[in-house]
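To start, the structure itself, in structure tokens.
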Amino acid sequence: MLSNKISLTGVKPTGTPHFGNLLGAFYPVVRMSDEAKKTYVFIADLHALNAVKDREFIHKNTYEIAATYLALGINLEKAILFRQSDIPEVYQLATLLMNVTPKGLMNRAHAYKASVDKNLAKGEDADAGINMGLYTYPILMAADILLYNSDVVPVGQDQKQHVEFARDIAGSFNYIYGKDLLTSPEPIIPEDAATVPGLDGRKMSKSYNNYIPIFAPEKELRKLIMKIITDSKLPEEPKDPEESTIFHLYRAFANEAQTEELRQRFIKGGLGYGEAKQILFEAINEKIAPAREKYYDLMAHTEQIDAILADGAAKAREEAKKTLARVLKAMLG
Ligand code: ADP
Ligand code: TRP
């Protein structure tokens, strides 16, 4: 039962939100904000710092993410939306948690290991170019999670290990300083979250530059959809829907009946890719238009976003202060 749980999730401000993020992260979190007792949603600007040194970029992305949640209708009665860096207690807790975190745990972190492997493959020193922000990333993330007594953490598969680390760190802290001082979180991985394909058919991702921004203006949205890569089958030829990026994207937005109808048209033949793209564009555009209007309205009035984030930070800090005080008392008396 989610209705008596505290949920928490963070999004890094490292790129304009795209349709993969929408289906894999934003929609599930907005839904969760209705279902859970309380939901903490924050923009993880501190986590962006190990890779991004451009503060304007972080600033703009922070607004984009906040405006996306607000435009999609996150339930502010039960959700607390804030900026990670507005909560000084998170830096403090991270420093304290370092003392109960085995170094070996960090050595096993996927992101760190991937960077080391890349270095070794290039014949460089294992730790070349790796900063301590990247190395200790999971400790800061554990601090995020443990500071607000989170029960559940909805994340993509790629973040599961980090939530498990937060459990390990909480376990180690509680073992030393006292049972139940920190709440052990559960990761929630949306099982049915299909991977959304990008324009080139690979996973939609900012790293592949194959993405469609959620709130691309209508004209740009159409242009991007027309760029989806297809094979060279003629309109009259039957097509395998399962192999089509157009179909996979459509399925993510349309209801079952509509999806079935398009599937049949693919199989039967007589549907050209141009027309299929037009159908896809209309489906996405119709679904996204109301939120898009709200989004641009908010982006034109960032002072409204600032006010909501300040309110969220004030609420989040109340809880953060309590946890930090409890931890400090346990550690130092
Ligand atoms: P990117 O691959 O663009 O860098 P992130 O890794 O920042 O995206 O994604 C943040 C979250 O958005 C992920 O944890 C995942 O839940 C979701 N997500 C990203 N891309 C996709 C996709 N193509 N399909 C489904 N979910 C996705
Ligand atoms: N590391 C997450 C990501 O890259 C973002 C994040 C930071 C987060 N702190 C968190 C997610 C706490 C869930 C809970 O996507």
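Residues in the structure tokens are named by chain (A, B, ... in the order shown) and by number from 1 within that chain; ligands are numbered from 1 in the order shown.
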
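Near ligand 2, at a distance of at most 7 Å and with only C-alpha atoms and all ligand atoms counted, sit the residues Leu8, Thr9, Gly10, Val11, Lys12, Ala44, His47, Met141, Asp144, Ile145, Val153, Pro154, Val155 and Gln159 of chain A.
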
Please dump the current selection as a PDB file, in the first residue's frame; keep N, CA, C and O atoms.
ATOM      1  N   LEU A   8      10.200   9.260  -2.507  1.00  0.00           N
ATOM      2  CA  LEU A   8      11.150  10.329  -2.834  1.00  0.00           C
ATOM      3  C   LEU A   8      11.851  10.023  -4.138  1.00  0.00           C
ATOM      4  O   LEU A   8      12.190   8.865  -4.419  1.00  0.00           O
ATOM      5  N   THR A   9      12.016  11.038  -4.954  1.00  0.00           N
ATOM      6  CA  THR A   9      12.834  10.840  -6.143  1.00  0.00           C
ATOM      7  C   THR A   9      13.523  12.129  -6.565  1.00  0.00           C
ATOM      8  O   THR A   9      13.050  13.222  -6.270  1.00  0.00           O
ATOM      9  N   GLY A  10      14.661  11.973  -7.223  1.00  0.00           N
ATOM     10  CA  GLY A  10      15.417  13.136  -7.683  1.00  0.00           C
ATOM     11  C   GLY A  10      15.697  13.026  -9.174  1.00  0.00           C
ATOM     12  O   GLY A  10      15.806  11.929  -9.709  1.00  0.00           O
ATOM     13  N   VAL A  11      15.766  14.175  -9.821  1.00  0.00           N
ATOM     14  CA  VAL A  11      16.128  14.194 -11.247  1.00  0.00           C
ATOM     15  C   VAL A  11      17.292  15.149 -11.422  1.00  0.00           C
ATOM     16  O   VAL A  11      17.245  16.283 -10.929  1.00  0.00           O
ATOM     17  N   LYS A  12      18.303  14.712 -12.130  1.00  0.00           N
ATOM     18  CA  LYS A  12      19.462  15.573 -12.347  1.00  0.00           C
ATOM     19  C   LYS A  12      19.159  16.604 -13.440  1.00  0.00           C
ATOM     20  O   LYS A  12      18.627  16.233 -14.483  1.00  0.00           O
ATOM     21  N   ALA A  44      18.159  17.422  -8.568  1.00  0.00           N
ATOM     22  CA  ALA A  44      19.421  17.032  -7.949  1.00  0.00           C
ATOM     23  C   ALA A  44      20.573  17.833  -8.561  1.00  0.00           C
ATOM     24  O   ALA A  44      21.433  17.294  -9.261  1.00  0.00           O
ATOM     25  N   HIS A  47      24.086  16.773  -7.589  1.00  0.00           N
ATOM     26  CA  HIS A  47      24.556  15.580  -8.283  1.00  0.00           C
ATOM     27  C   HIS A  47      25.021  15.876  -9.704  1.00  0.00           C
ATOM     28  O   HIS A  47      25.740  15.082 -10.301  1.00  0.00           O
ATOM     29  N   MET A 141      23.623  10.534  -2.591  1.00  0.00           N
ATOM     30  CA  MET A 141      22.282  10.026  -2.922  1.00  0.00           C
ATOM     31  C   MET A 141      21.658   9.311  -1.718  1.00  0.00           C
ATOM     32  O   MET A 141      20.461   9.441  -1.467  1.00  0.00           O
ATOM     33  N   ASP A 144      20.316  12.008   0.441  1.00  0.00           N
ATOM     34  CA  ASP A 144      19.016  12.468  -0.083  1.00  0.00           C
ATOM     35  C   ASP A 144      17.889  11.584   0.420  1.00  0.00           C
ATOM     36  O   ASP A 144      16.839  12.056   0.846  1.00  0.00           O
ATOM     37  N   ILE A 145      18.119  10.295   0.300  1.00  0.00           N
ATOM     38  CA  ILE A 145      17.049   9.333   0.571  1.00  0.00           C
ATOM     39  C   ILE A 145      16.784   9.214   2.073  1.00  0.00           C
ATOM     40  O   ILE A 145      15.645   9.216   2.520  1.00  0.00           O
ATOM     41  N   VAL A 153      11.486   4.526  -3.214  1.00  0.00           N
ATOM     42  CA  VAL A 153      12.194   5.397  -4.140  1.00  0.00           C
ATOM     43  C   VAL A 153      11.933   4.898  -5.568  1.00  0.00           C
ATOM     44  O   VAL A 153      12.514   3.896  -5.987  1.00  0.00           O
ATOM     45  N   PRO A 154      11.023   5.551  -6.291  1.00  0.00           N
ATOM     46  CA  PRO A 154      10.794   5.129  -7.677  1.00  0.00           C
ATOM     47  C   PRO A 154      11.960   5.571  -8.557  1.00  0.00           C
ATOM     48  O   PRO A 154      12.283   6.751  -8.613  1.00  0.00           O
ATOM     49  N   VAL A 155      12.594   4.622  -9.198  1.00  0.00           N
ATOM     50  CA  VAL A 155      13.752   4.928 -10.047  1.00  0.00           C
ATOM     51  C   VAL A 155      13.790   3.994 -11.255  1.00  0.00           C
ATOM     52  O   VAL A 155      13.169   2.928 -11.243  1.00  0.00           O
ATOM     53  N   GLN A 159      19.268   3.072 -11.596  1.00  0.00           N
ATOM     54  CA  GLN A 159      19.518   3.675 -10.280  1.00  0.00           C
ATOM     55  C   GLN A 159      19.302   2.706  -9.122  1.00  0.00           C
ATOM     56  O   GLN A 159      19.424   3.070  -7.956  1.00  0.00           O
TER      57      GLN A 159
END

How would you report the residues lying within 8 Å of ligand 1, as a ChimeraX atom specification, if you count only C-alpha atoms and all ligand atoms? /A:11-12,14-15,17-26,155-159,193-198,203-208,211

Find the spatial neighbours of Leu332 (chain A), counting only C-alpha atoms, within a cut-off of 12 Å - ignore same-chain residues fewer than 5 positions away - and output them as a list in words. Leu96, Tyr177, Leu324, Ala325, Arg326 and Val327 of chain A

Among region 137-302 of chain A, which residues carry a DSSP assignment of strand (DSSP E or B), reported as JSON, numbers by chain? {"A": [152, 153, 154, 186, 187, 188, 197, 203, 213]}

Which residues are near Ala66 (chain A)? Cut-off 10 Å, only C-alpha atoms, ignore same chain within fewer than 4 positions. Put them as a PDB file with N, CA, C and O atoms, in the first residue's frame.
ATOM      1  N   VAL A  11      15.766  14.175  -9.821  1.00  0.00           N
ATOM      2  CA  VAL A  11      16.128  14.194 -11.247  1.00  0.00           C
ATOM      3  C   VAL A  11      17.292  15.149 -11.422  1.00  0.00           C
ATOM      4  O   VAL A  11      17.245  16.283 -10.929  1.00  0.00           O
ATOM      5  N   PRO A  13      19.525  17.875 -13.221  1.00  0.00           N
ATOM      6  CA  PRO A  13      19.270  18.885 -14.249  1.00  0.00           C
ATOM      7  C   PRO A  13      20.381  18.894 -15.293  1.00  0.00           C
ATOM      8  O   PRO A  13      21.139  19.851 -15.402  1.00  0.00           O
ATOM      9  N   VAL A  41      10.027  15.399  -4.223  1.00  0.00           N
ATOM     10  CA  VAL A  41      10.592  15.399  -5.569  1.00  0.00           C
ATOM     11  C   VAL A  41      11.579  16.548  -5.639  1.00  0.00           C
ATOM     12  O   VAL A  41      11.217  17.691  -5.352  1.00  0.00           O
ATOM     13  N   PHE A  42      12.799  16.230  -5.982  1.00  0.00           N
ATOM     14  CA  PHE A  42      13.749  17.332  -6.017  1.00  0.00           C
ATOM     15  C   PHE A  42      14.602  17.312  -7.279  1.00  0.00           C
ATOM     16  O   PHE A  42      14.724  16.296  -7.950  1.00  0.00           O
ATOM     17  N   ILE A  43      15.165  18.470  -7.547  1.00  0.00           N
ATOM     18  CA  ILE A  43      16.057  18.608  -8.689  1.00  0.00           C
ATOM     19  C   ILE A  43      17.469  18.479  -8.130  1.00  0.00           C
ATOM     20  O   ILE A  43      17.902  19.280  -7.297  1.00  0.00           O
ATOM     21  N   ASN A  61      18.102  24.157 -16.750  1.00  0.00           N
ATOM     22  CA  ASN A  61      17.524  22.814 -16.651  1.00  0.00           C
ATOM     23  C   ASN A  61      16.717  22.614 -15.374  1.00  0.00           C
ATOM     24  O   ASN A  61      15.756  21.853 -15.341  1.00  0.00           O
ATOM     25  N   THR A  62      17.143  23.303 -14.329  1.00  0.00           N
ATOM     26  CA  THR A  62      16.396  23.207 -13.065  1.00  0.00           C
ATOM     27  C   THR A  62      14.986  23.742 -13.264  1.00  0.00           C
ATOM     28  O   THR A  62      13.993  23.114 -12.878  1.00  0.00           O
ATOM     29  N   LEU A  70       5.317  20.624 -12.744  1.00  0.00           N
ATOM     30  CA  LEU A  70       4.146  21.453 -12.446  1.00  0.00           C
ATOM     31  C   LEU A  70       3.145  21.391 -13.589  1.00  0.00           C
ATOM     32  O   LEU A  70       1.939  21.247 -13.375  1.00  0.00           O
ATOM     33  N   ALA A  71       3.641  21.451 -14.821  1.00  0.00           N
ATOM     34  CA  ALA A  71       2.739  21.417 -15.986  1.00  0.00           C
ATOM     35  C   ALA A  71       2.023  20.069 -16.087  1.00  0.00           C
ATOM     36  O   ALA A  71       0.880  20.002 -16.532  1.00  0.00           O
ATOM     37  N   ILE A  74       1.688  17.680 -11.027  1.00  0.00           N
ATOM     38  CA  ILE A  74       2.084  17.021  -9.776  1.00  0.00           C
ATOM     39  C   ILE A  74       1.202  17.562  -8.641  1.00  0.00           C
ATOM     40  O   ILE A  74       0.869  18.753  -8.619  1.00  0.00           O
ATOM     41  N   LEU A  81       8.117  19.837  -3.793  1.00  0.00           N
ATOM     42  CA  LEU A  81       9.029  19.997  -4.934  1.00  0.00           C
ATOM     43  C   LEU A  81      10.106  20.999  -4.543  1.00  0.00           C
ATOM     44  O   LEU A  81       9.792  22.123  -4.141  1.00  0.00           O
ATOM     45  N   PHE A  82      11.360  20.610  -4.628  1.00  0.00           N
ATOM     46  CA  PHE A  82      12.412  21.518  -4.174  1.00  0.00           C
ATOM     47  C   PHE A  82      13.727  21.261  -4.897  1.00  0.00           C
ATOM     48  O   PHE A  82      13.863  20.312  -5.669  1.00  0.00           O
ATOM     49  N   ARG A  83      14.670  22.164  -4.637  1.00  0.00           N
ATOM     50  CA  ARG A  83      15.997  22.076  -5.232  1.00  0.00           C
ATOM     51  C   ARG A  83      16.928  21.482  -4.176  1.00  0.00           C
ATOM     52  O   ARG A  83      16.966  21.956  -3.042  1.00  0.00           O
ATOM     53  N   TYR A 295       3.366  24.758 -19.359  1.00  0.00           N
ATOM     54  CA  TYR A 295       4.826  24.765 -19.258  1.00  0.00           C
ATOM     55  C   TYR A 295       5.399  26.106 -19.731  1.00  0.00           C
ATOM     56  O   TYR A 295       6.201  26.733 -19.028  1.00  0.00           O
ATOM     57  N   LEU A 298       4.690  28.917 -17.338  1.00  0.00           N
ATOM     58  CA  LEU A 298       5.580  28.911 -16.174  1.00  0.00           C
ATOM     59  C   LEU A 298       6.988  29.368 -16.532  1.00  0.00           C
ATOM     60  O   LEU A 298       7.615  30.125 -15.789  1.00  0.00           O
ATOM     61  N   MET A 299       7.482  28.914 -17.684  1.00  0.00           N
ATOM     62  CA  MET A 299       8.848  29.292 -18.072  1.00  0.00           C
ATOM     63  C   MET A 299       8.945  30.797 -18.353  1.00  0.00           C
ATOM     64  O   MET A 299      10.028  31.369 -18.285  1.00  0.00           O
ATOM     65  N   THR A 302       9.303  32.669 -14.272  1.00  0.00           N
ATOM     66  CA  THR A 302      10.098  31.787 -13.416  1.00  0.00           C
ATOM     67  C   THR A 302       9.990  32.182 -11.937  1.00  0.00           C
ATOM     68  O   THR A 302      10.298  31.381 -11.061  1.00  0.00           O
ATOM     69  N   ILE A 305       7.926  29.756 -10.313  1.00  0.00           N
ATOM     70  CA  ILE A 305       8.642  28.505 -10.015  1.00  0.00           C
ATOM     71  C   ILE A 305       9.495  28.698  -8.768  1.00  0.00           C
ATOM     72  O   ILE A 305       9.518  27.854  -7.867  1.00  0.00           O
ATOM     73  N   ASP A 306      10.190  29.852  -8.708  1.00  0.00           N
ATOM     74  CA  ASP A 306      11.034  30.135  -7.531  1.00  0.00           C
ATOM     75  C   ASP A 306      10.216  30.059  -6.248  1.00  0.00           C
ATOM     76  O   ASP A 306      10.673  29.497  -5.249  1.00  0.00           O
ATOM     77  N   ILE A 308       7.462  28.389  -5.663  1.00  0.00           N
ATOM     78  CA  ILE A 308       7.072  27.003  -5.347  1.00  0.00           C
ATOM     79  C   ILE A 308       8.272  26.229  -4.798  1.00  0.00           C
ATOM     80  O   ILE A 308       8.164  25.484  -3.820  1.00  0.00           O
ATOM     81  N   LEU A 309       9.452  26.443  -5.409  1.00  0.00           N
ATOM     82  CA  LEU A 309      10.653  25.742  -4.929  1.00  0.00           C
ATOM     83  C   LEU A 309      11.039  26.210  -3.520  1.00  0.00           C
ATOM     84  O   LEU A 309      11.489  25.405  -2.690  1.00  0.00           O
TER      85      LEU A 309
END

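The spacing separating CA of Pro241 (chain A) from CA of Thr259 (chain A) amounts to 10.1 Å.
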
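Neighbouring residues of Leu224 (chain A) at 10 Å or closer, counting only C-alpha atoms and skipping chain neighbours under 6 positions away, are Leu199, Asn210, Tyr211, Ile212, Pro213, Ala216, Glu218, Lys277 and Phe281 of chain A.
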
In terms of the shortest atom-to-atom distance over only C-alpha atoms, which of A:Ile279, A:Ile169, A:Leu262, A:Ala79 is closest to Thr39 (chain A)? A:Ala79

If you run DSSP on the backbone here, which positions in region 55-298 of chain A get helix (DSSP H, G or I)? Please write them as an MDAnalysis selection string. chainID A and resid 55:71 84:86 88:100 103:107 110:121 132:135 137:147 157:177 206:208 218:226 241:243 245:253 256:268 273:298
